[in-house]
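Printed here is input.txt (compact mmCIF, C-alpha atoms):
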# COMPACT_ATOMS: atom_id res chain seq x y z
CA MET A 1 -108.77 93.44 29.43
CA VAL A 2 -110.92 91.75 32.01
CA MET A 3 -111.40 88.88 29.62
CA PHE A 4 -107.61 88.60 29.13
CA LEU A 5 -106.97 88.58 32.90
CA MET A 6 -109.64 85.99 33.39
CA VAL A 7 -108.09 83.62 30.79
CA LEU A 8 -104.64 84.19 32.30
CA CYS A 9 -105.84 83.37 35.81
CA MET A 10 -107.62 80.25 34.57
CA SER A 11 -104.44 79.13 32.74
CA VAL A 12 -102.22 79.65 35.79
CA PHE A 13 -104.76 77.84 37.98
CA GLY A 14 -104.96 74.92 35.52
CA LEU A 15 -101.15 74.71 35.33
CA ALA A 16 -100.93 74.60 39.14
CA ILE A 17 -103.54 71.81 39.34
CA THR A 18 -101.70 69.81 36.67
CA ALA A 19 -98.36 70.21 38.51
CA LEU A 20 -99.93 69.10 41.80
CA ALA A 21 -101.55 66.06 40.15
CA PHE A 22 -98.26 65.07 38.48
CA GLY A 23 -96.38 65.42 41.75
CA ALA A 24 -98.90 63.29 43.60
CA ALA A 25 -98.82 60.60 40.92
CA THR A 26 -95.04 60.24 40.80
CA ARG A 27 -94.32 60.53 44.52
CA GLY A 28 -92.85 57.38 46.10
CA LEU A 29 -91.88 55.62 42.87
CA PRO A 30 -88.40 54.02 42.97
CA VAL A 31 -85.87 55.98 41.05
CA GLU A 32 -83.78 53.71 38.83
CA PRO A 33 -80.31 54.79 37.89
CA GLU A 34 -80.07 55.45 34.25
CA ALA A 35 -78.36 52.71 32.32
CA PRO A 36 -75.28 53.74 30.41
CA LEU A 37 -76.11 54.61 26.86
CA ALA A 38 -73.58 52.17 25.44
CA ALA A 39 -75.06 49.20 27.30
CA THR A 40 -78.55 50.10 26.19
CA VAL A 41 -77.43 50.32 22.61
CA ASP A 42 -75.61 46.98 22.86
CA GLU A 43 -78.73 45.28 24.20
CA ARG A 44 -80.74 46.63 21.34
CA LEU A 45 -78.15 45.45 18.86
CA ALA A 46 -78.15 42.02 20.44
CA ALA A 47 -81.90 41.83 20.12
CA VAL A 48 -81.76 42.50 16.40
CA PRO A 49 -82.03 39.21 14.52
CA GLU A 50 -79.17 38.16 12.33
CA HIS A 51 -81.46 37.88 9.33
CA PHE A 52 -84.09 40.46 8.66
CA PHE A 53 -86.67 38.03 7.31
CA VAL A 54 -86.60 35.92 10.42
CA ARG A 55 -89.95 34.32 9.77
CA ASP A 56 -88.72 32.97 6.42
CA ALA A 57 -85.85 31.11 8.04
CA ALA A 58 -86.32 27.56 9.28
CA PRO A 59 -86.41 27.33 13.09
CA GLN A 60 -83.10 26.25 14.51
CA ALA A 61 -82.86 23.65 17.24
CA ALA A 62 -81.58 24.90 20.56
CA PRO A 63 -78.00 23.80 21.18
CA VAL A 64 -77.80 20.67 23.32
CA PRO A 65 -75.87 21.36 26.51
CA ARG A 66 -72.60 19.44 26.49
CA LEU A 67 -72.56 17.21 29.55
CA VAL A 68 -69.31 15.45 28.76
CA PRO A 69 -66.35 17.78 29.00
CA ASN A 70 -64.23 18.26 25.92
CA ILE A 71 -61.47 15.87 26.97
CA PRO A 72 -60.46 12.48 25.55
CA ALA A 73 -62.86 9.69 26.49
CA GLU A 74 -60.07 7.64 28.09
CA VAL A 75 -59.14 10.52 30.39
CA PHE A 76 -62.78 11.08 31.29
CA LEU A 77 -63.24 7.37 32.01
CA ALA A 78 -60.17 7.41 34.23
CA GLN A 79 -61.68 10.36 36.10
CA ILE A 80 -64.97 8.50 36.53
CA GLU A 81 -63.12 5.45 37.80
CA ARG A 82 -61.14 7.53 40.28
CA HIS A 83 -64.32 9.29 41.38
CA ILE A 84 -66.07 5.95 42.03
CA ARG A 85 -63.07 4.62 43.97
CA LEU A 86 -63.02 7.75 46.13
CA GLU A 87 -66.78 7.64 46.69
CA HIS A 88 -66.59 3.94 47.51
CA ALA A 89 -63.85 4.60 50.06
CA ALA A 90 -65.85 7.50 51.55
CA ALA A 91 -68.95 5.30 51.81
CA GLU A 92 -66.97 2.52 53.48
CA SER A 93 -65.46 4.91 55.99
CA PHE A 94 -68.99 6.18 56.72
CA LEU A 95 -70.06 2.60 57.46
CA MET A 96 -67.13 2.21 59.87
CA ALA A 97 -68.28 5.21 61.91
CA PRO A 98 -71.71 6.41 60.74
CA SER A 99 -72.34 10.11 61.28
CA PRO A 100 -73.69 12.99 59.17
CA GLU A 101 -70.17 14.41 58.96
CA SER A 102 -68.59 11.19 57.68
CA LEU A 103 -71.47 10.68 55.25
CA HIS A 104 -71.04 14.06 53.61
CA GLY A 105 -67.27 14.40 53.90
CA ARG A 106 -65.62 16.29 51.05
CA THR A 107 -63.97 14.52 48.16
CA VAL A 108 -60.96 15.47 46.06
CA SER A 109 -62.54 14.02 42.93
CA PRO A 110 -62.11 16.36 39.93
CA LEU A 111 -65.61 15.45 38.78
CA VAL A 112 -67.10 17.27 41.74
CA HIS A 113 -64.97 20.39 41.79
CA MET B 1 -54.97 -16.99 51.35
CA SER B 2 -56.76 -20.33 51.44
CA ILE B 3 -60.25 -20.63 50.03
CA GLU B 4 -61.56 -21.68 53.46
CA GLN B 5 -60.96 -18.13 54.66
CA ALA B 6 -63.35 -16.73 52.06
CA ASP B 7 -66.07 -14.32 53.22
CA MET B 8 -68.77 -16.82 52.26
CA LEU B 9 -67.24 -19.53 54.44
CA HIS B 10 -66.40 -17.40 57.46
CA GLY B 11 -67.33 -19.20 60.68
CA LEU B 12 -67.25 -22.71 59.21
CA SER B 13 -64.87 -25.35 60.43
CA ALA B 14 -62.06 -26.27 58.03
CA ALA B 15 -63.68 -29.68 57.48
CA ASP B 16 -67.08 -28.19 56.60
CA ALA B 17 -65.48 -25.55 54.38
CA THR B 18 -63.59 -28.28 52.53
CA ARG B 19 -66.77 -30.32 52.06
CA LEU B 20 -68.52 -27.29 50.65
CA THR B 21 -65.72 -26.17 48.35
CA SER B 22 -65.36 -29.69 46.98
CA LEU B 23 -68.69 -29.06 45.22
CA GLY B 24 -67.07 -26.43 43.02
CA SER B 25 -64.53 -26.38 40.26
CA LEU B 26 -61.57 -24.07 39.87
CA VAL B 27 -61.66 -21.83 36.80
CA HIS B 28 -58.76 -19.76 35.52
CA VAL B 29 -59.73 -16.34 34.15
CA PRO B 30 -56.88 -14.70 32.21
CA SER B 31 -56.24 -10.99 32.63
CA GLY B 32 -58.88 -8.99 30.75
CA ALA B 33 -61.19 -11.97 30.20
CA GLN B 34 -64.83 -11.84 31.27
CA LEU B 35 -66.18 -14.17 33.94
CA PHE B 36 -69.83 -13.25 33.45
CA ALA B 37 -71.91 -10.64 31.64
CA LEU B 38 -74.73 -8.39 32.75
CA GLY B 39 -78.10 -10.02 32.08
CA SER B 40 -76.77 -13.54 31.55
CA GLU B 41 -78.10 -16.42 33.59
CA ALA B 42 -76.34 -16.98 36.89
CA HIS B 43 -75.87 -20.71 37.45
CA GLY B 44 -73.76 -20.40 40.57
CA VAL B 45 -71.61 -18.25 42.83
CA CYS B 46 -67.88 -17.68 42.58
CA LEU B 47 -65.20 -17.36 45.24
CA ILE B 48 -62.00 -15.63 44.19
CA GLU B 49 -59.06 -17.78 45.17
CA ARG B 50 -56.35 -15.66 43.60
CA GLY B 51 -56.25 -12.41 41.62
CA ARG B 52 -58.68 -9.53 41.25
CA MET B 53 -62.01 -9.06 39.49
CA ALA B 54 -63.56 -5.82 38.29
CA LEU B 55 -67.33 -5.45 38.50
CA THR B 56 -68.51 -2.97 35.89
CA LEU B 57 -71.68 -1.45 34.51
CA PRO B 58 -72.18 0.00 31.03
CA MET B 59 -72.39 3.78 30.83
CA ARG B 60 -72.84 6.09 27.85
CA VAL B 61 -69.91 8.49 27.59
CA GLY B 62 -70.57 10.86 24.69
CA ALA B 63 -71.42 8.69 21.70
CA ARG B 64 -69.73 5.61 23.14
CA GLN B 65 -70.77 2.98 25.62
CA GLU B 66 -68.10 2.13 28.14
CA ASP B 67 -67.83 -0.30 31.02
CA VAL B 68 -67.35 1.74 34.15
CA LEU B 69 -65.83 0.21 37.26
CA VAL B 70 -68.29 -0.18 40.10
CA GLU B 71 -66.39 -2.42 42.52
CA GLU B 72 -63.26 -4.51 42.78
CA ARG B 73 -63.20 -7.92 44.44
CA THR B 74 -60.03 -9.67 45.53
CA ALA B 75 -58.97 -13.06 46.89
CA GLY B 76 -61.35 -14.45 49.51
CA GLN B 77 -64.32 -12.44 48.29
CA MET B 78 -67.45 -13.69 46.64
CA VAL B 79 -68.75 -12.52 43.25
CA GLY B 80 -71.86 -13.46 41.38
CA TRP B 81 -74.22 -13.96 44.30
CA SER B 82 -77.04 -13.44 41.81
CA GLY B 83 -76.57 -17.19 41.39
CA LEU B 84 -78.28 -17.68 44.75
CA ILE B 85 -80.87 -14.91 44.47
CA PRO B 86 -83.84 -15.01 42.08
CA PRO B 87 -84.24 -14.25 39.22
CA HIS B 88 -80.69 -15.66 38.90
CA ARG B 89 -79.49 -13.06 36.39
CA PHE B 90 -76.21 -11.20 36.73
CA THR B 91 -76.67 -7.48 37.34
CA LEU B 92 -73.03 -6.53 36.62
CA ASN B 93 -70.21 -7.51 34.31
CA ALA B 94 -67.23 -9.24 35.90
CA SER B 95 -63.81 -9.40 34.29
CA ALA B 96 -60.35 -10.23 35.56
CA GLN B 97 -58.02 -7.28 36.11
CA ILE B 98 -55.08 -9.66 36.45
CA ASP B 99 -54.76 -13.44 36.03
CA THR B 100 -57.37 -14.77 38.42
CA ASP B 101 -58.53 -18.14 39.73
CA VAL B 102 -62.12 -18.51 40.91
CA LEU B 103 -63.94 -21.40 42.50
CA VAL B 104 -67.30 -21.76 40.79
CA LEU B 105 -69.98 -23.31 42.99
CA PRO B 106 -72.98 -24.43 40.90
CA ARG B 107 -76.33 -23.49 42.41
CA ALA B 108 -78.18 -26.83 42.41
CA PRO B 109 -75.56 -28.97 44.19
CA LEU B 110 -74.76 -26.11 46.55
CA LEU B 111 -78.40 -25.66 47.62
CA GLU B 112 -78.82 -29.42 47.99
CA PHE B 113 -75.77 -29.51 50.25
CA LEU B 114 -77.01 -26.57 52.32
CA ASP B 115 -80.48 -28.16 52.64
CA ALA B 116 -78.90 -31.37 53.85
CA ASN B 117 -76.62 -29.49 56.28
CA PRO B 118 -78.76 -26.70 57.76
CA ALA B 119 -76.13 -25.64 60.29
CA ILE B 120 -73.68 -24.97 57.47
CA GLY B 121 -76.49 -23.44 55.41
CA TYR B 122 -77.29 -21.03 58.23
CA VAL B 123 -73.67 -19.85 58.45
CA VAL B 124 -73.35 -19.50 54.68
CA MET B 125 -76.63 -17.58 54.38
CA ARG B 126 -75.58 -15.30 57.23
CA ASN B 127 -72.33 -14.61 55.40
CA LEU B 128 -74.23 -14.03 52.16
CA ALA B 129 -76.55 -11.56 53.93
CA SER B 130 -73.49 -9.75 55.25
CA VAL B 131 -71.95 -9.45 51.77
CA VAL B 132 -75.24 -8.32 50.19
CA GLY B 133 -75.97 -5.93 53.06
CA GLN B 134 -72.51 -4.38 52.86
CA ARG B 135 -72.97 -3.76 49.12
CA LEU B 136 -76.38 -2.20 49.79
CA GLN B 137 -75.07 0.08 52.54
CA VAL B 138 -72.07 1.23 50.52
CA PHE B 139 -74.19 2.10 47.50
CA GLN B 140 -76.84 3.71 49.68
CA ALA B 141 -74.18 6.00 51.13
CA MET B 142 -72.73 6.73 47.67
CA TRP B 143 -76.19 7.55 46.33
CA LEU B 144 -76.91 9.86 49.26
CA ARG B 145 -73.61 11.70 48.73
CA GLU B 146 -74.53 12.28 45.09
CA MET B 147 -78.01 13.47 46.08
CA GLN B 148 -76.47 15.88 48.59
CA ARG B 149 -74.29 17.37 45.85
CA PHE B 150 -77.31 17.57 43.56
CA VAL B 151 -79.25 19.47 46.24
CA GLU B 152 -76.30 21.80 46.85
CA SER B 153 -75.91 22.50 43.13
CA ARG B 154 -79.61 23.30 42.85
CA SER B 155 -79.70 25.58 45.89
CA SER B 156 -76.54 27.54 45.04
If you convert what's in this file into structure tokens, what do you get?
Amino acid sequence: MVMFLMVLCMSVFGLAITALAFGAATRGLPVEPEAPLAATVDERLAAVPEHFFVRDAAPQAAPVPRLVPNIPAEVFLAQIERHIRLEHAAAESFLMAPSPESLHGRTVSPLVH
Amino acid sequence: MSIEQADMLHGLSAADATRLTSLGSLVHVPSGAQLFALGSEAHGVCLIERGRMALTLPMRVGARQEDVLVEERTAGQMVGWSGLIPPHRFTLNASAQIDTDVLVLPRAPLLEFLDANPAIGYVVMRNLASVVGQRLQVFQAMWLREMQRFVESRSS
């Protein structure tokens, strides 16, 4: 009986020490809101490669960013020409009355907006 | 406008302007035709007597190379001042936007005339400096505007 009580006391004492240590270790950590389950699952699905044997597939080149918008070249050239005319006019008006405001005045060029 | 009122001849008497322009020859450039090409040798300067010239630079647009308008010059304005500035190579293309007449002043006789008439040479070189300086200032401002937009796009 004494032996049983002694083991019980030791167990309760050990449990209390463990709880205190856990509390001290986790105190002050930022609590992050739990991400929705669906989003987490989607991220995992996105991370799964399209082909299972990824290492067997030849490496694919990264897509080149398209700098020229998908419009006819003539239209794009006309936009460039208009942009240069507007910038030229803005630069000339800056030279007429030089100031930081006139130098960096806004333009209506579609290439900027 | 008369050729004597050209930016290169500003400040000269009518008689001196006539003496100077008599060194050149009038060339007709039909609409769309090229007066000079980027990189070609510049043998002289040109004064536009009538019409309009487009100064262009080649630019890659997608898979194509296109001439993009940089500046327009009209009657009374000078084009091709690379003819007076070493290494005497054109740094732009020039083509007529409409039927245009230009007075072409060949470099060697022009410089001989200016050497022999330093007072006229001083006025012409002052006018040339003004034209070159104006081009520099305009493009400096245009470049700074682009840089400002670049900085704004990077910091946003």
Next item on the list: Using CA of Ala42 (chain B) and CA of Phe90 (chain B) as the two end points, give the distance in Å to one decimal.
Entry: 5.8 Å
Next item on the list: When you get a sec, could you note down which chain A residues fall within 8 Å of chain B, using all atoms listed in the file, as a PyMOL selection string?
Entry: chain A and resi 68+73+77+80-81+84-85+87-88+90-92+94-95+103-104
Please give the centre and size of the box around region 49-55 of chain B (axis-aligned, containing every atom listed in the file, 3 Å added per side), with values in Å to one decimal and written as lines of an AutoDock Vina configuration file.
center_x = -61.8
center_y = -11.6
center_z = 41.7
size_x = 17.1
size_y = 18.3
size_z = 12.9
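Take CA of Gly133 (chain B) and CA of Gly80 (chain B): the distance between them is 14.5 Å.
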Note to self: Which residues are near Leu92 (chain B)? Cut-off 10 Å, all atoms listed in the file, ignore same chain within fewer than 6 positions. Put them as a list in words.
What the structure shows: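 Here the answer would be Phe36, Ala37, Leu38, Gly39, Ser40, Ala54, Leu55, Thr56, Leu57, Pro58, Asp67, Leu69, Val70, Glu71, Val79, Gly80 and Ser82 of chain B.
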Margin query: I'd like the contact shell of Gln34 (chain B) - 8 Å cut-off, all atoms listed in the file, skipping same-chain residues fewer than 2 positions apart - returned as a PyMOL selection string.
Written below: chain B and resi 29+32+36-37+93-96
Checklist line | Of the listed residues B:Pro86, B:Gly11, B:Gly51, B:Gly24, that which approaches Val123 (chain B) most closely, counting all atoms listed in the file | finding: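 Looking only at the distances to Val123 (chain B), the closest residue turns out to be B:Gly11.
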Check: What is the distance, in Å and to one decimal place, between CA of Gln5 (chain B) and CA of Gly76 (chain B)?
Finding: 6.3 Å
